[in-house]
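With mmCIF, C-alpha atoms inside, this is upload09.cif:
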```cif
data_target
loop_
_atom_site.label_atom_id
_atom_site.label_comp_id
_atom_site.auth_asym_id
_atom_site.auth_seq_id
_atom_site.Cartn_x
_atom_site.Cartn_y
_atom_site.Cartn_z
CA MET A 1 94.56 90.35 95.86
CA MET A 2 98.26 89.94 95.25
CA ILE A 3 101.74 90.97 96.18
CA PHE A 4 103.72 91.72 93.01
CA VAL A 5 105.11 95.01 91.72
CA VAL A 6 102.21 97.06 93.07
CA VAL A 7 101.70 97.81 96.74
CA ILE A 8 98.24 97.32 98.18
CA VAL A 9 97.36 100.02 100.71
CA ALA A 10 95.08 98.89 103.53
CA SER A 11 91.73 100.56 103.95
CA ALA A 12 88.39 99.83 105.58
CA LEU A 13 85.47 98.75 103.50
CA ILE A 14 82.18 97.96 105.15
CA GLY A 15 79.46 95.67 103.90
CA GLY A 16 77.89 92.26 103.99
CA ALA A 17 77.22 89.80 106.75
CA ALA A 18 80.12 87.74 108.01
CA SER A 19 80.63 84.31 106.55
CA SER A 20 82.99 81.47 107.31
CA THR A 21 86.64 82.17 108.14
CA SER A 22 89.27 81.02 105.64
CA ILE A 23 90.76 77.66 106.58
CA ASP A 24 93.30 75.24 105.15
CA VAL A 25 91.61 72.99 102.61
CA HIS A 26 92.53 70.00 100.50
CA ALA A 27 94.35 70.85 97.29
CA ASN A 28 92.16 70.84 94.18
CA ARG A 29 93.72 69.53 90.98
CA LYS A 30 91.87 72.21 88.95
CA ILE A 31 93.30 75.06 91.05
CA GLY A 32 96.94 75.97 91.45
CA ALA A 33 99.54 78.50 92.45
CA LEU A 34 100.86 80.96 89.86
CA PHE A 35 104.56 81.84 89.91
CA VAL A 36 105.48 85.02 88.04
CA GLY A 37 109.18 85.29 87.30
CA ASP A 38 112.09 83.05 88.23
CA THR A 39 111.13 82.56 91.87
CA ASP A 40 109.86 79.95 94.30
CA ARG A 41 107.31 82.43 95.67
CA HIS A 42 103.83 82.34 94.17
CA THR A 43 101.94 85.62 93.97
CA CYS A 44 98.53 84.65 92.55
CA THR A 45 96.12 81.77 92.01
CA ALA A 46 94.85 80.30 88.73
CA GLU A 47 92.54 77.52 87.58
CA SER A 48 92.11 75.20 84.63
CA VAL A 49 89.15 76.01 82.37
CA HIS A 50 87.65 73.61 79.88
CA SER A 51 88.65 74.05 76.23
CA ARG A 52 89.16 72.07 73.03
CA SER A 53 92.92 72.38 73.36
CA GLY A 54 92.84 71.26 76.99
CA ASP A 55 95.62 73.69 77.90
CA LEU A 56 93.92 76.87 79.17
CA VAL A 57 94.20 78.48 82.59
CA LEU A 58 92.31 81.49 83.96
CA THR A 59 93.57 84.11 86.41
CA ALA A 60 93.26 87.83 87.16
CA ALA A 61 94.85 90.14 84.58
CA HIS A 62 96.40 92.39 87.22
CA CYS A 63 98.49 89.42 88.39
CA LEU A 64 100.63 89.84 85.27
CA THR A 65 101.59 93.47 85.79
CA GLY A 66 105.29 93.93 85.19
CA ALA A 67 105.78 90.22 84.52
CA THR A 68 109.27 89.33 83.35
CA GLY A 69 110.78 85.91 82.92
CA PRO A 70 108.82 82.67 83.04
CA ILE A 71 105.28 82.27 84.35
CA THR A 72 104.55 78.86 85.85
CA TYR A 73 101.31 77.22 86.90
CA VAL A 74 101.39 74.42 89.50
CA PRO A 75 98.02 72.67 89.91
CA ALA A 76 97.20 71.30 93.37
CA TYR A 77 100.35 72.89 94.80
CA ARG A 78 100.83 71.94 98.44
CA ALA A 79 103.90 72.26 100.69
CA SER A 80 106.18 72.95 97.70
CA GLN A 81 105.01 69.78 95.96
CA ALA A 82 103.77 69.65 92.34
CA PRO A 83 101.77 66.40 92.13
CA PHE A 84 100.51 67.18 88.61
CA GLY A 85 103.67 68.79 87.32
CA ARG A 86 104.75 72.34 86.55
CA TRP A 87 103.24 73.99 83.50
CA THR A 88 104.92 76.82 81.62
CA VAL A 89 102.75 79.66 80.33
CA THR A 90 103.42 80.08 76.61
CA SER A 91 100.91 82.84 75.76
CA VAL A 92 98.81 85.40 77.64
CA TYR A 93 95.46 86.63 76.29
CA LEU A 94 93.82 89.79 77.62
CA ASP A 95 90.52 91.53 76.95
CA PRO A 96 90.70 94.77 74.90
CA GLY A 97 88.98 96.61 77.75
CA TRP A 98 91.85 95.67 80.05
CA LEU A 99 94.54 96.42 77.49
CA THR A 100 93.28 99.92 76.73
CA GLY A 101 91.98 101.14 80.07
CA GLN A 102 92.25 98.45 82.73
CA ASP A 103 88.46 98.09 82.95
CA VAL A 104 87.96 96.41 86.32
CA ASN A 105 85.19 94.24 84.91
CA ARG A 106 87.70 92.82 82.40
CA ASP A 107 90.35 91.95 84.98
CA TYR A 108 90.88 88.42 83.71
CA ALA A 109 93.58 86.71 81.67
CA VAL A 110 93.52 83.42 79.80
CA LEU A 111 96.84 81.59 79.71
CA ARG A 112 97.99 78.80 77.41
CA VAL A 113 100.30 76.33 79.13
CA ARG A 114 102.50 73.41 78.16
CA ALA A 115 103.98 70.57 80.14
CA ASP A 116 107.58 70.38 81.26
CA PRO A 117 109.49 69.66 78.01
CA GLN A 118 111.39 66.85 79.74
CA THR A 119 108.18 64.85 80.00
CA ALA A 120 105.96 63.40 77.28
CA HIS A 121 103.48 66.03 76.13
CA ARG A 122 100.03 65.71 77.53
CA THR A 123 97.36 68.38 77.80
CA LEU A 124 96.65 69.93 81.17
CA GLU A 125 93.11 68.57 81.23
CA SER A 126 94.31 65.06 80.41
CA VAL A 127 96.38 65.21 83.59
CA THR A 128 94.16 67.13 86.02
CA GLY A 129 90.72 66.33 84.59
CA ARG A 130 88.13 68.50 82.86
CA GLY A 131 88.59 72.17 83.69
CA PHE A 132 85.96 74.49 85.08
CA GLY A 133 83.07 75.58 82.94
CA ILE A 134 82.25 79.30 82.89
CA GLY A 135 78.92 80.29 84.45
CA SER A 136 77.07 83.59 84.86
CA PHE A 137 77.12 85.66 88.03
CA GLY A 138 73.88 85.93 89.96
CA ILE A 139 73.06 87.73 93.21
CA GLY A 140 72.51 85.44 96.18
CA THR A 141 74.44 82.49 94.80
CA ALA A 142 76.27 80.30 97.32
CA ILE A 143 79.91 79.93 96.29
CA ARG A 144 83.13 78.43 97.56
CA VAL A 145 86.50 80.11 96.99
CA VAL A 146 89.80 78.22 97.07
CA GLY A 147 93.20 79.81 96.50
CA TYR A 148 96.70 80.47 97.78
CA GLY A 149 98.02 83.31 99.88
CA ALA A 150 101.24 84.75 98.49
CA GLY A 151 104.27 82.80 99.66
CA SER A 152 105.95 79.42 99.27
CA GLY A 153 105.78 76.00 100.84
CA ASP A 154 102.21 76.56 101.96
CA THR A 155 98.79 74.99 101.52
CA PRO A 156 95.57 76.22 99.89
CA ILE A 157 92.96 78.12 101.86
CA GLY A 158 89.24 78.46 101.30
CA CYS A 159 85.99 80.00 102.47
CA ARG A 160 82.31 80.10 101.60
CA GLY A 161 79.97 83.02 101.03
CA ARG A 162 76.96 84.26 99.13
CA THR A 163 77.24 86.70 96.24
CA ARG A 164 75.91 90.24 96.09
CA GLU A 165 76.68 93.40 94.14
CA ALA A 166 78.67 96.36 95.43
CA ARG A 167 80.58 99.13 93.66
CA ASN A 168 78.81 97.92 90.50
CA SER A 169 80.84 94.72 90.76
CA PRO A 170 80.20 91.10 91.73
CA THR A 171 81.05 90.89 95.44
CA VAL A 172 81.24 88.29 98.17
CA THR A 173 81.91 88.37 101.89
CA CYS A 174 84.28 85.45 102.38
CA ARG A 175 86.81 85.77 105.17
CA GLY A 176 90.53 85.18 104.90
CA LEU A 177 91.22 85.87 101.21
CA VAL A 178 94.60 87.50 101.65
CA ASP A 179 97.08 88.86 99.10
CA GLY A 180 97.92 86.11 96.62
CA THR A 181 94.37 84.83 96.26
CA SER A 182 93.76 87.02 93.21
CA GLY A 183 92.57 84.74 90.44
CA SER A 184 90.91 82.25 92.81
CA PRO A 185 87.72 80.80 91.31
CA TRP A 186 84.23 81.46 92.67
CA MET A 187 82.91 77.92 92.47
CA THR A 188 79.31 76.76 92.35
CA GLY A 189 79.58 73.05 92.90
CA ARG A 190 82.57 71.18 91.53
CA ALA A 191 82.42 72.01 87.84
CA THR A 192 81.60 75.71 87.35
CA THR A 193 83.11 79.06 88.24
CA ILE A 194 81.10 82.29 88.03
CA GLY A 195 83.86 84.71 88.97
CA LEU A 196 87.36 85.07 90.37
CA VAL A 197 89.05 87.24 92.96
CA GLY A 198 89.92 90.41 91.05
CA GLY A 199 88.18 93.36 89.47
CA TYR A 200 87.39 96.38 91.64
CA ASN A 201 90.49 97.42 93.62
CA GLN A 202 92.27 94.33 92.30
CA GLY A 203 89.93 92.07 94.23
CA GLY A 204 89.42 94.14 97.36
CA CYS A 205 91.20 96.03 100.09
CA VAL A 206 90.39 93.79 103.06
CA SER A 207 90.49 90.04 103.47
CA PHE A 208 86.79 89.59 104.17
CA ILE A 209 85.30 91.34 101.11
CA SER A 210 86.29 90.31 97.60
CA HIS A 211 85.21 91.37 94.13
CA SER A 212 85.25 89.81 90.68
CA PRO A 213 85.30 90.94 87.07
CA VAL A 214 82.15 90.14 85.10
CA PHE A 215 81.97 86.78 83.34
CA ASP A 216 80.03 87.28 80.11
CA ALA A 217 80.31 86.94 76.33
CA ASP A 218 83.57 88.92 76.33
CA LEU A 219 85.29 86.28 78.45
CA THR A 220 83.87 83.54 76.24
CA ALA A 221 85.28 85.29 73.17
CA LEU A 222 88.68 85.69 74.84
CA MET A 223 88.78 82.00 75.69
CA ALA A 224 87.93 81.13 72.09
CA ARG A 225 90.81 83.32 70.87
CA ALA A 226 93.19 81.66 73.29
CA ASP A 227 91.93 78.22 72.31
CA ALA A 228 92.64 78.97 68.66
CA GLY A 229 96.25 79.86 69.47
CA GLY A 230 98.15 82.60 67.74
CA PRO A 231 99.93 85.64 69.16
CA GLY A 232 99.17 86.59 72.74
CA ASP A 233 99.14 89.99 74.43
CA THR A 234 101.54 91.94 76.60
CA ALA A 235 100.15 92.98 79.98
CA PRO A 236 100.02 96.77 80.39
CA PRO A 237 101.29 98.60 83.49
CA THR A 238 98.68 98.62 86.22
CA GLY A 239 98.50 101.12 89.05
CA ALA A 240 98.02 100.25 92.69
CA ALA A 241 94.56 99.65 94.09
CA VAL A 242 92.95 102.80 95.49
CA CYS A 243 91.86 101.75 98.95
#
```
Output the structure of this file as structure tokens.
Amino acid sequence: MMIFVVVIVASALIGGAASSTSIDVHANRKIGALFVGDTDRHTCTAESVHSRSGDLVLTAAHCLTGATGPITYVPAYRASQAPFGRWTVTSVYLDPGWLTGQDVNRDYAVLRVRADPQTAHRTLESVTGRGFGIGSFGIGTAIRVVGYGAGSGDTPIGCRGRTREARNSPTVTCRGLVDGTSGSPWMTGRATTIGLVGGYNQGGCVSFISHSPVFDADLTALMARADAGGPGDTAPPTGAAVC
């Protein structure tokens, strides 16, 4: 769910029992706003994931469509403040299934980041703490979602729901996940994420039903490639969601 380059067309999707409405929540140092281009408006959400390098961030691949200029990650962003600094994305890593055909179940991107060059270099995880571990999706799992609606000067929002499967994709009914929350982690507890807002129809066509790509061995392999460094990938053009 995002506002950037593509236009999301509203549609009605039906399914799932209602869960809690999205509300303002405390900022989480593992979760931040993602700024694509030279702008003060964030268009997606991203989160730190644990790695040997300590400098990896996870978001939805469709967030990077048409990206030009710098990409910046701001953990725990709140009211235009950057309490843990601003981190520049140096490389983008995408799954082959997304690069060749925009497979909705591979709608994730791993980003390498570095600290502001004017400050002493420290890894992201040394500043914000150990990143999320990657878990496996399961039907009926209680999750919490925290992210940022597209905009600037705002605060994070969140909701809770229970997972199911729809459209052959991981799905959750979790109210209030507006455009900009693409990339937001599906958290089980404090340390693990089993999905993110993205996948089918770029995360969903309405604010109360969201989807996720599949977290499996392909994501683990992509994270290992990003952790090893080396050349990244260029995000392909992505069409609008079909809602």
Skipping near chain neighbours, those fewer than 4 positions away, what residues fall within 12 Å of Gly232 (chain A) using only C-alpha atoms, listed as a PyMOL selection string? chain A and resi 89-96+99+109-112+222-223+225-228
Separation of CA of Ala224 (chain A) from CA of Arg106 (chain A), in Å and rounded to one decimal: 15.6 Å
Excluding region 45-59 of chain A and any residue of its chain fewer than 5 positions from it, enumerate the residues within 8 Å of it, using all atoms listed in the file, and give them as a ChimeraX atom specification. /A:30-34,73,75,108-114,123-126,130-134,147-148,180-185,196,223,226-227
Given the file shown, determine the residues that the PyMOL selection byres ((chain A and resi 137) around 6) selects; report them as a PyMOL selection string. chain A and resi 136+138+194
Excluding region 25-27 of chain A and residues on its chain fewer than 2 positions from it, collect all residues at most 6 Å away from it, counting only C-alpha atoms, and give them as JSON, numbers by chain. {"A": [76, 156, 157]}
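Interatomic distance, CA of Thr238 (chain A) against CA of Trp98 (chain A): 9.7 Å.
Evaluated against this file, the PyMOL selection byres ((chain A and resi 145) around 6) yields Arg144, Val146, Gly158, Cys159, Pro185 and Trp186 of chain A.
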One decimal, in Å: what's the spacing between CA of Gly37 (chain A) and CA of Gly203 (chain A)? 21.6 Å
Which residue gives the smallest distance to Gly85 (chain A) among A:Pro117, A:Pro213, A:Pro70, A:Gly140, with only C-alpha atoms counted? A:Pro117
For the file shown, what are the residues hit by the PyMOL selection byres ((chain A and resi 201) around 10), laid out as a PyMOL selection string? chain A and resi 1+8+104+198-200+202-205+210-212+239-243
Only C-alpha atoms, please: the residues just picked out, written as a PDB file, in the frame of the given file.
```
ATOM      1  CA  MET A   1      94.560  90.350  95.860  1.00  0.00           C
ATOM      2  CA  ILE A   8      98.240  97.320  98.180  1.00  0.00           C
ATOM      3  CA  VAL A 104      87.960  96.410  86.320  1.00  0.00           C
ATOM      4  CA  GLY A 198      89.920  90.410  91.050  1.00  0.00           C
ATOM      5  CA  GLY A 199      88.180  93.360  89.470  1.00  0.00           C
ATOM      6  CA  TYR A 200      87.390  96.380  91.640  1.00  0.00           C
ATOM      7  CA  GLN A 202      92.270  94.330  92.300  1.00  0.00           C
ATOM      8  CA  GLY A 203      89.930  92.070  94.230  1.00  0.00           C
ATOM      9  CA  GLY A 204      89.420  94.140  97.360  1.00  0.00           C
ATOM     10  CA  CYS A 205      91.200  96.030 100.090  1.00  0.00           C
ATOM     11  CA  SER A 210      86.290  90.310  97.600  1.00  0.00           C
ATOM     12  CA  HIS A 211      85.210  91.370  94.130  1.00  0.00           C
ATOM     13  CA  SER A 212      85.250  89.810  90.680  1.00  0.00           C
ATOM     14  CA  GLY A 239      98.500 101.120  89.050  1.00  0.00           C
ATOM     15  CA  ALA A 240      98.020 100.250  92.690  1.00  0.00           C
ATOM     16  CA  ALA A 241      94.560  99.650  94.090  1.00  0.00           C
ATOM     17  CA  VAL A 242      92.950 102.800  95.490  1.00  0.00           C
ATOM     18  CA  CYS A 243      91.860 101.750  98.950  1.00  0.00           C
TER      19      CYS A 243
END
```
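With distances taken over all atoms listed in the file, A:Asn105 is the one residue among A:Thr193, A:Thr188, A:Asn105, A:Thr72 lying closest to Ser169 (chain A).
Shortest atom-to-atom contact with Val178 (chain A) among A:Ala150, A:Ala221, A:Ala67, A:Ala166: A:Ala150, counting only C-alpha atoms.
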Rebuild region 179-194 of chain A so that it carries N, CA, C and O atoms, then output the result as a PDB file, keeping the file's coordinate frame.
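Written output follows (out-v1.pdb):
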```
ATOM      1  N   ASP A 179      96.291  88.622 100.300  1.00  0.00           N
ATOM      2  CA  ASP A 179      97.080  88.860  99.100  1.00  0.00           C
ATOM      3  C   ASP A 179      97.612  87.534  98.563  1.00  0.00           C
ATOM      4  O   ASP A 179      98.119  86.701  99.309  1.00  0.00           O
ATOM      5  N   GLY A 180      97.506  87.354  97.256  1.00  0.00           N
ATOM      6  CA  GLY A 180      97.920  86.110  96.620  1.00  0.00           C
ATOM      7  C   GLY A 180      96.738  85.290  96.148  1.00  0.00           C
ATOM      8  O   GLY A 180      96.898  84.409  95.300  1.00  0.00           O
ATOM      9  N   THR A 181      95.552  85.578  96.695  1.00  0.00           N
ATOM     10  CA  THR A 181      94.370  84.830  96.260  1.00  0.00           C
ATOM     11  C   THR A 181      93.712  85.440  95.030  1.00  0.00           C
ATOM     12  O   THR A 181      92.705  84.901  94.551  1.00  0.00           O
ATOM     13  N   SER A 182      94.260  86.517  94.485  1.00  0.00           N
ATOM     14  CA  SER A 182      93.760  87.020  93.210  1.00  0.00           C
ATOM     15  C   SER A 182      93.781  85.904  92.175  1.00  0.00           C
ATOM     16  O   SER A 182      94.765  85.167  92.057  1.00  0.00           O
ATOM     17  N   GLY A 183      92.695  85.791  91.427  1.00  0.00           N
ATOM     18  CA  GLY A 183      92.570  84.740  90.440  1.00  0.00           C
ATOM     19  C   GLY A 183      91.815  83.523  90.937  1.00  0.00           C
ATOM     20  O   GLY A 183      91.421  82.664  90.141  1.00  0.00           O
ATOM     21  N   SER A 184      91.593  83.413  92.243  1.00  0.00           N
ATOM     22  CA  SER A 184      90.910  82.250  92.810  1.00  0.00           C
ATOM     23  C   SER A 184      89.482  82.146  92.291  1.00  0.00           C
ATOM     24  O   SER A 184      88.752  83.138  92.266  1.00  0.00           O
ATOM     25  N   PRO A 185      89.048  80.949  91.895  1.00  0.00           N
ATOM     26  CA  PRO A 185      87.720  80.800  91.310  1.00  0.00           C
ATOM     27  C   PRO A 185      86.598  80.912  92.340  1.00  0.00           C
ATOM     28  O   PRO A 185      86.755  80.506  93.492  1.00  0.00           O
ATOM     29  N   TRP A 186      85.466  81.453  91.891  1.00  0.00           N
ATOM     30  CA  TRP A 186      84.230  81.460  92.670  1.00  0.00           C
ATOM     31  C   TRP A 186      83.418  80.260  92.189  1.00  0.00           C
ATOM     32  O   TRP A 186      82.747  80.315  91.162  1.00  0.00           O
ATOM     33  N   MET A 187      83.461  79.183  92.933  1.00  0.00           N
ATOM     34  CA  MET A 187      82.910  77.920  92.470  1.00  0.00           C
ATOM     35  C   MET A 187      81.466  77.723  92.937  1.00  0.00           C
ATOM     36  O   MET A 187      81.133  77.981  94.092  1.00  0.00           O
ATOM     37  N   THR A 188      80.633  77.267  92.011  1.00  0.00           N
ATOM     38  CA  THR A 188      79.310  76.760  92.350  1.00  0.00           C
ATOM     39  C   THR A 188      79.342  75.271  92.068  1.00  0.00           C
ATOM     40  O   THR A 188      79.383  74.853  90.917  1.00  0.00           O
ATOM     41  N   GLY A 189      79.384  74.470  93.102  1.00  0.00           N
ATOM     42  CA  GLY A 189      79.580  73.050  92.900  1.00  0.00           C
ATOM     43  C   GLY A 189      81.021  72.756  92.530  1.00  0.00           C
ATOM     44  O   GLY A 189      81.937  73.531  92.782  1.00  0.00           O
ATOM     45  N   ARG A 190      81.226  71.629  91.858  1.00  0.00           N
ATOM     46  CA  ARG A 190      82.570  71.180  91.530  1.00  0.00           C
ATOM     47  C   ARG A 190      83.032  71.553  90.124  1.00  0.00           C
ATOM     48  O   ARG A 190      84.212  71.481  89.817  1.00  0.00           O
ATOM     49  N   ALA A 191      82.087  71.935  89.258  1.00  0.00           N
ATOM     50  CA  ALA A 191      82.420  72.010  87.840  1.00  0.00           C
ATOM     51  C   ALA A 191      82.371  73.405  87.240  1.00  0.00           C
ATOM     52  O   ALA A 191      82.809  73.595  86.103  1.00  0.00           O
ATOM     53  N   THR A 192      81.856  74.403  87.959  1.00  0.00           N
ATOM     54  CA  THR A 192      81.600  75.710  87.350  1.00  0.00           C
ATOM     55  C   THR A 192      82.154  76.829  88.219  1.00  0.00           C
ATOM     56  O   THR A 192      82.078  76.784  89.449  1.00  0.00           O
ATOM     57  N   THR A 193      82.705  77.840  87.564  1.00  0.00           N
ATOM     58  CA  THR A 193      83.110  79.060  88.240  1.00  0.00           C
ATOM     59  C   THR A 193      82.344  80.237  87.641  1.00  0.00           C
ATOM     60  O   THR A 193      82.193  80.328  86.417  1.00  0.00           O
ATOM     61  N   ILE A 194      81.870  81.134  88.495  1.00  0.00           N
ATOM     62  CA  ILE A 194      81.100  82.290  88.030  1.00  0.00           C
ATOM     63  C   ILE A 194      81.836  83.605  88.260  1.00  0.00           C
ATOM     64  O   ILE A 194      81.305  84.680  87.986  1.00  0.00           O
TER      65      ILE A 194
END
```
